[in-house]
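What's in work-v8.txt: compact mmCIF, C-alpha atoms
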# COMPACT_ATOMS: atom_id res chain seq x y z
CA MET I 1 0.00 0.00 0.00
CA SER I 2 1.49 3.29 -1.05
CA SER I 3 0.86 6.40 1.01
CA SER I 4 -0.63 9.52 -0.52
CA GLY I 5 2.47 11.56 0.39
CA LYS I 6 4.62 9.17 -1.57
CA MET I 7 2.31 9.38 -4.60
CA VAL I 8 2.22 13.19 -4.47
CA GLY I 9 6.02 13.24 -4.25
CA LEU I 10 6.46 10.98 -7.26
CA GLY I 11 3.96 13.11 -9.21
CA MET I 12 5.86 16.29 -8.35
CA ILE I 13 9.17 14.75 -9.43
CA ALA I 14 7.64 13.60 -12.72
CA ALA I 15 6.08 17.04 -13.32
CA GLY I 16 9.40 18.76 -12.62
CA VAL I 17 11.29 16.51 -15.02
CA ILE I 18 8.65 16.84 -17.77
CA LEU I 19 8.46 20.63 -17.43
CA GLY I 20 12.25 20.86 -17.37
CA LEU I 21 12.60 18.78 -20.53
CA ALA I 22 9.79 20.65 -22.31
CA GLY I 23 11.18 24.05 -21.33
CA GLY I 24 14.70 23.02 -22.31
CA ALA I 25 13.47 21.77 -25.71
CA TRP I 26 11.59 25.04 -26.25
CA LEU I 27 14.73 27.07 -25.43
CA VAL I 28 16.89 24.94 -27.73
CA SER I 29 14.39 25.25 -30.60
CA GLY I 30 14.30 29.03 -30.11
CA MET I 31 18.09 29.17 -30.41
CA ASN I 32 18.11 26.89 -33.47
CA GLU I 33 15.57 29.12 -35.26
CA ASP I 34 17.62 32.22 -34.38
CA LYS I 35 14.69 33.66 -32.43
CA LEU I 36 16.60 33.51 -29.16
CA GLU I 37 20.13 34.55 -28.33
CA SER I 38 22.37 32.48 -26.08
CA SER I 39 22.19 35.03 -23.22
CA GLY I 40 18.38 34.85 -23.30
CA ALA I 41 18.50 31.05 -23.41
CA ILE I 42 20.80 30.95 -20.39
CA PHE I 43 18.53 33.35 -18.50
CA GLY I 44 15.49 31.27 -19.46
CA LEU I 45 17.21 28.05 -18.36
CA VAL I 46 18.22 29.52 -14.99
CA LEU I 47 14.70 30.84 -14.50
CA LEU I 48 13.15 27.51 -15.53
CA LEU I 49 15.42 25.52 -13.21
CA GLY I 50 15.24 27.92 -10.26
CA VAL I 51 11.52 28.62 -10.30
CA VAL I 52 9.98 25.43 -11.66
CA VAL I 53 12.17 22.35 -11.84
CA ILE I 54 14.23 22.46 -8.63
CA PRO I 55 11.28 23.36 -6.33
CA LEU I 56 9.09 20.65 -7.87
CA VAL I 57 11.76 17.95 -7.71
CA GLY I 58 12.90 19.02 -4.22
CA GLY I 59 9.33 19.04 -2.92
CA GLY I 60 8.74 15.69 -4.57
CA ILE I 61 11.75 14.16 -2.84
CA PHE I 62 10.56 15.57 0.50
CA PHE I 63 7.04 14.17 0.10
CA THR I 64 8.35 10.81 -1.10
CA ARG I 65 10.57 10.40 1.97
CA LYS I 66 7.85 11.63 4.32
CA GLY I 67 5.40 9.18 2.76
CA ALA I 68 7.84 6.30 3.25
CA GLN I 69 8.21 7.24 6.93
CA GLU I 70 4.44 7.35 7.33
CA GLU I 71 4.16 3.89 5.77
CA LYS I 72 6.63 2.51 8.32
CA GLN I 73 4.74 4.14 11.20
CA MET I 74 1.42 2.78 9.97
CA ALA I 75 2.89 -0.71 9.64
CA ARG I 76 4.12 -0.52 13.26
CA ILE I 77 0.73 0.74 14.47
CA ASN I 78 -1.01 -2.09 12.61
CA GLU I 79 1.28 -4.64 14.28
CA GLN I 80 0.49 -3.19 17.70
CA ARG I 81 -3.22 -3.22 16.87
CA ARG I 82 -2.98 -6.89 15.87
CA LEU I 83 -1.15 -7.69 19.12
CA LEU I 84 -3.80 -5.90 21.15
CA ASP I 85 -6.64 -7.61 19.25
CA ILE I 86 -5.14 -11.08 19.72
CA VAL I 87 -4.59 -10.66 23.46
CA SER I 88 -7.91 -8.92 24.07
CA THR I 89 -10.01 -11.53 22.25
CA ARG I 90 -8.28 -14.60 23.67
CA GLY I 91 -7.70 -13.32 27.20
CA GLN I 92 -4.45 -15.23 27.43
CA VAL I 93 -1.92 -16.20 24.81
CA SER I 94 1.57 -17.62 24.82
CA ILE I 95 4.29 -15.24 23.79
CA SER I 96 5.68 -17.80 21.35
CA ASP I 97 2.26 -17.92 19.61
CA LEU I 98 2.27 -14.12 19.38
CA VAL I 99 5.76 -14.16 17.88
CA LEU I 100 4.65 -16.67 15.26
CA GLU I 101 1.32 -15.00 14.43
CA LEU I 102 2.83 -11.54 14.20
CA LYS I 103 5.90 -12.82 12.32
CA SER I 104 7.99 -10.87 14.80
CA SER I 105 10.56 -11.46 17.52
CA ARG I 106 10.13 -11.83 21.26
CA ASP I 107 11.93 -8.53 21.82
CA GLN I 108 9.65 -6.73 19.35
CA VAL I 109 6.55 -8.17 21.02
CA GLU I 110 7.87 -6.97 24.39
CA ARG I 111 8.61 -3.48 23.02
CA ASP I 112 5.16 -3.24 21.41
CA LEU I 113 3.50 -4.42 24.60
CA ASN I 114 5.37 -1.89 26.74
CA GLU I 115 4.47 0.88 24.28
CA LEU I 116 0.78 -0.10 24.44
CA VAL I 117 0.96 -0.05 28.25
CA GLY I 118 2.64 3.36 28.16
CA ARG I 119 -0.20 4.70 26.02
CA GLY I 120 -2.78 3.26 28.41
CA LEU I 121 -4.16 0.86 25.79
CA PHE I 122 -3.41 -2.44 27.51
CA SER I 123 -3.72 -3.79 31.02
CA GLY I 124 -2.95 -7.29 32.14
CA TYR I 125 0.10 -9.24 33.14
CA VAL I 126 2.80 -11.38 31.65
CA ASP I 127 4.59 -14.34 33.15
CA TRP I 128 7.93 -14.35 31.35
CA ASN I 129 8.93 -17.66 32.99
CA LYS I 130 5.89 -19.47 31.55
CA GLY I 131 5.86 -17.30 28.44
CA MET I 132 2.19 -16.35 28.85
CA LEU I 133 0.47 -12.99 28.38
CA TYR I 134 -2.85 -12.35 30.12
CA SER I 135 -5.31 -9.57 29.37
CA VAL I 136 -7.14 -8.43 32.47
CA ASP I 137 -9.64 -5.63 32.79
CA ALA I 138 -7.90 -2.60 34.31
CA SER I 139 -10.59 -2.18 36.95
CA LYS I 140 -9.77 -5.64 38.32
CA LEU I 141 -6.06 -4.85 38.58
CA GLN I 142 -6.21 -1.26 39.80
CA GLY I 143 -7.41 -2.14 43.32
CA ALA I 144 -5.67 -5.51 43.52
CA GLN I 145 -3.13 -6.09 46.23
CA PHE I 146 -2.17 -9.59 45.15
CA CYS I 147 -0.42 -10.93 42.06
CA PRO I 148 -2.94 -12.47 39.64
CA ASN I 149 -0.34 -15.10 38.75
CA CYS I 150 0.93 -16.42 42.12
CA GLY I 151 -1.17 -14.59 44.72
CA GLY I 152 1.82 -12.81 46.30
CA LYS I 153 1.33 -9.43 47.98
CA LEU I 154 1.95 -6.45 45.69
CA GLU I 155 2.49 -2.77 46.25
CA LEU I 156 0.80 -1.03 43.33
CA ALA I 157 1.78 2.55 42.66
CA GLY I 158 -0.14 4.31 39.90
CA LYS I 159 0.20 3.53 36.21
CA GLY I 160 2.71 1.45 34.38
CA VAL I 161 4.33 -1.89 35.05
CA VAL I 162 4.64 -3.61 38.44
CA THR I 163 6.82 -6.70 38.80
CA CYS I 164 5.78 -9.30 41.34
CA PRO I 165 8.66 -9.81 43.81
CA TYR I 166 7.75 -13.50 44.19
CA CYS I 167 7.18 -14.94 40.72
CA GLY I 168 8.54 -12.17 38.48
CA ALA I 169 5.25 -11.65 36.63
CA GLN I 170 4.89 -8.16 35.18
CA ILE I 171 1.51 -6.60 35.83
CA PHE I 172 0.49 -3.89 33.35
CA LEU I 173 -1.74 -1.15 34.66
CA SER I 174 -3.52 1.50 32.66

Just give me the structure as structure tokens.
Amino acid sequence: MSSSGKMVGLGMIAAGVILGLAGGAWLVSGMNEDKLESSGAIFGLVLLLGVVVIPLVGGGIFFTRKGAQEEKQMARINEQRRLLDIVSTRGQVSISDLVLELKSSRDQVERDLNELVGRGLFSGYVDWNKGMLYSVDASKLQGAQFCPNCGGKLELAGKGVVTCPYCGAQIFLS
């Protein structure tokens, strides 16, 4: 899927090249027919390049690069959305299954999960030893004083990630 910024950029580059070639051909034909002197042709070429071609091609390059960056960001957001959908619908899922389904790595799944927690979009807990991720309603975790994995006493402090001192499970709060 190509982003609109990328398409606009490619269109601007093409327009700049076409206008540059057409203007250059017009200047050359004017010189060949002795209707235009070389000083006028040089002035026309500088004007054509400076006012039309370079701004169009430069803007096109900018939009093409910006569009490529937006495509990468959207792909990352879609991966996070898929991760959130999988965990939310199943309630619990093994991290190895997530890695396989998302065609990702364990580290990338962990980074995406932490980013979702940081944005307040996911609450639950993960048992890294068992390799399981659990989605739990935030209201159930917010007042909890015990680890949902092992039952150990927790000291919850606001938003973020709390690690159980007994089993090592990470509890994600939103």

Fewer than 5 positions away in the same chain doesn't count, so skip those; otherwise give me all residues within 10 Å of I:Gly151, counting only C-alpha atoms, as a ChimeraX atom specification.
/I:145-146,164,166-167

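Considering the residues I:Leu121, I:Val53, I:Ile61, I:Val46 and counting all atoms listed in the file, I:Gln80 has its shortest atom-to-atom contact with I:Leu121.
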
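Candidate residues I:Leu49, I:Glu33, I:Val57, I:Ala41 were compared for distance to I:Gly16, and the nearest is I:Val57, using all atoms listed in the file.
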
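With distances restricted to only C-alpha atoms, I:Ile95 is the closest residue to I:Val109 from I:Val8, I:Ile95, I:Ala25, I:Val52.
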
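Atom CA of I:Phe63 is found 28.9 Å from atom CA of I:Trp26.
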
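Counting from atom CA of I:Ile171, the distance to atom CA of I:Asn114 is 10.9 Å.
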
What does the distance between atom CA of I:Gly9 and atom CA of I:Gly23 come to in Å, to one decimal place?
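Atom CA of I:Gly23 lies 20.9 Å from atom CA of I:Gly9.
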
Would you kindly return, as a VMD selection string, each protein, DNA or RNA residue with an atom no farther than 12 Å from any atom of I:Glu71, considering all atoms listed in the file and excluding same-chain residues fewer than 5 positions away?
chain I and resid 1 to 7 64 to 66 76 to 78

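For the set I:Leu56, I:Leu83, I:Leu133, I:Ala68, the residue with the smallest atom-to-atom gap to I:Ser104 is I:Leu83, counting all atoms listed in the file.
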
Using only C-alpha atoms for the distances, tell me which of I:Ser38, I:Ser123, I:Gln170, I:Ser94 is nearest to I:Arg106.
I:Ser94

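Closest approach to I:Leu84 among I:Pro165, I:Gly124, I:Gly24, I:Gly11 is made by I:Gly124 (distances from only C-alpha atoms).
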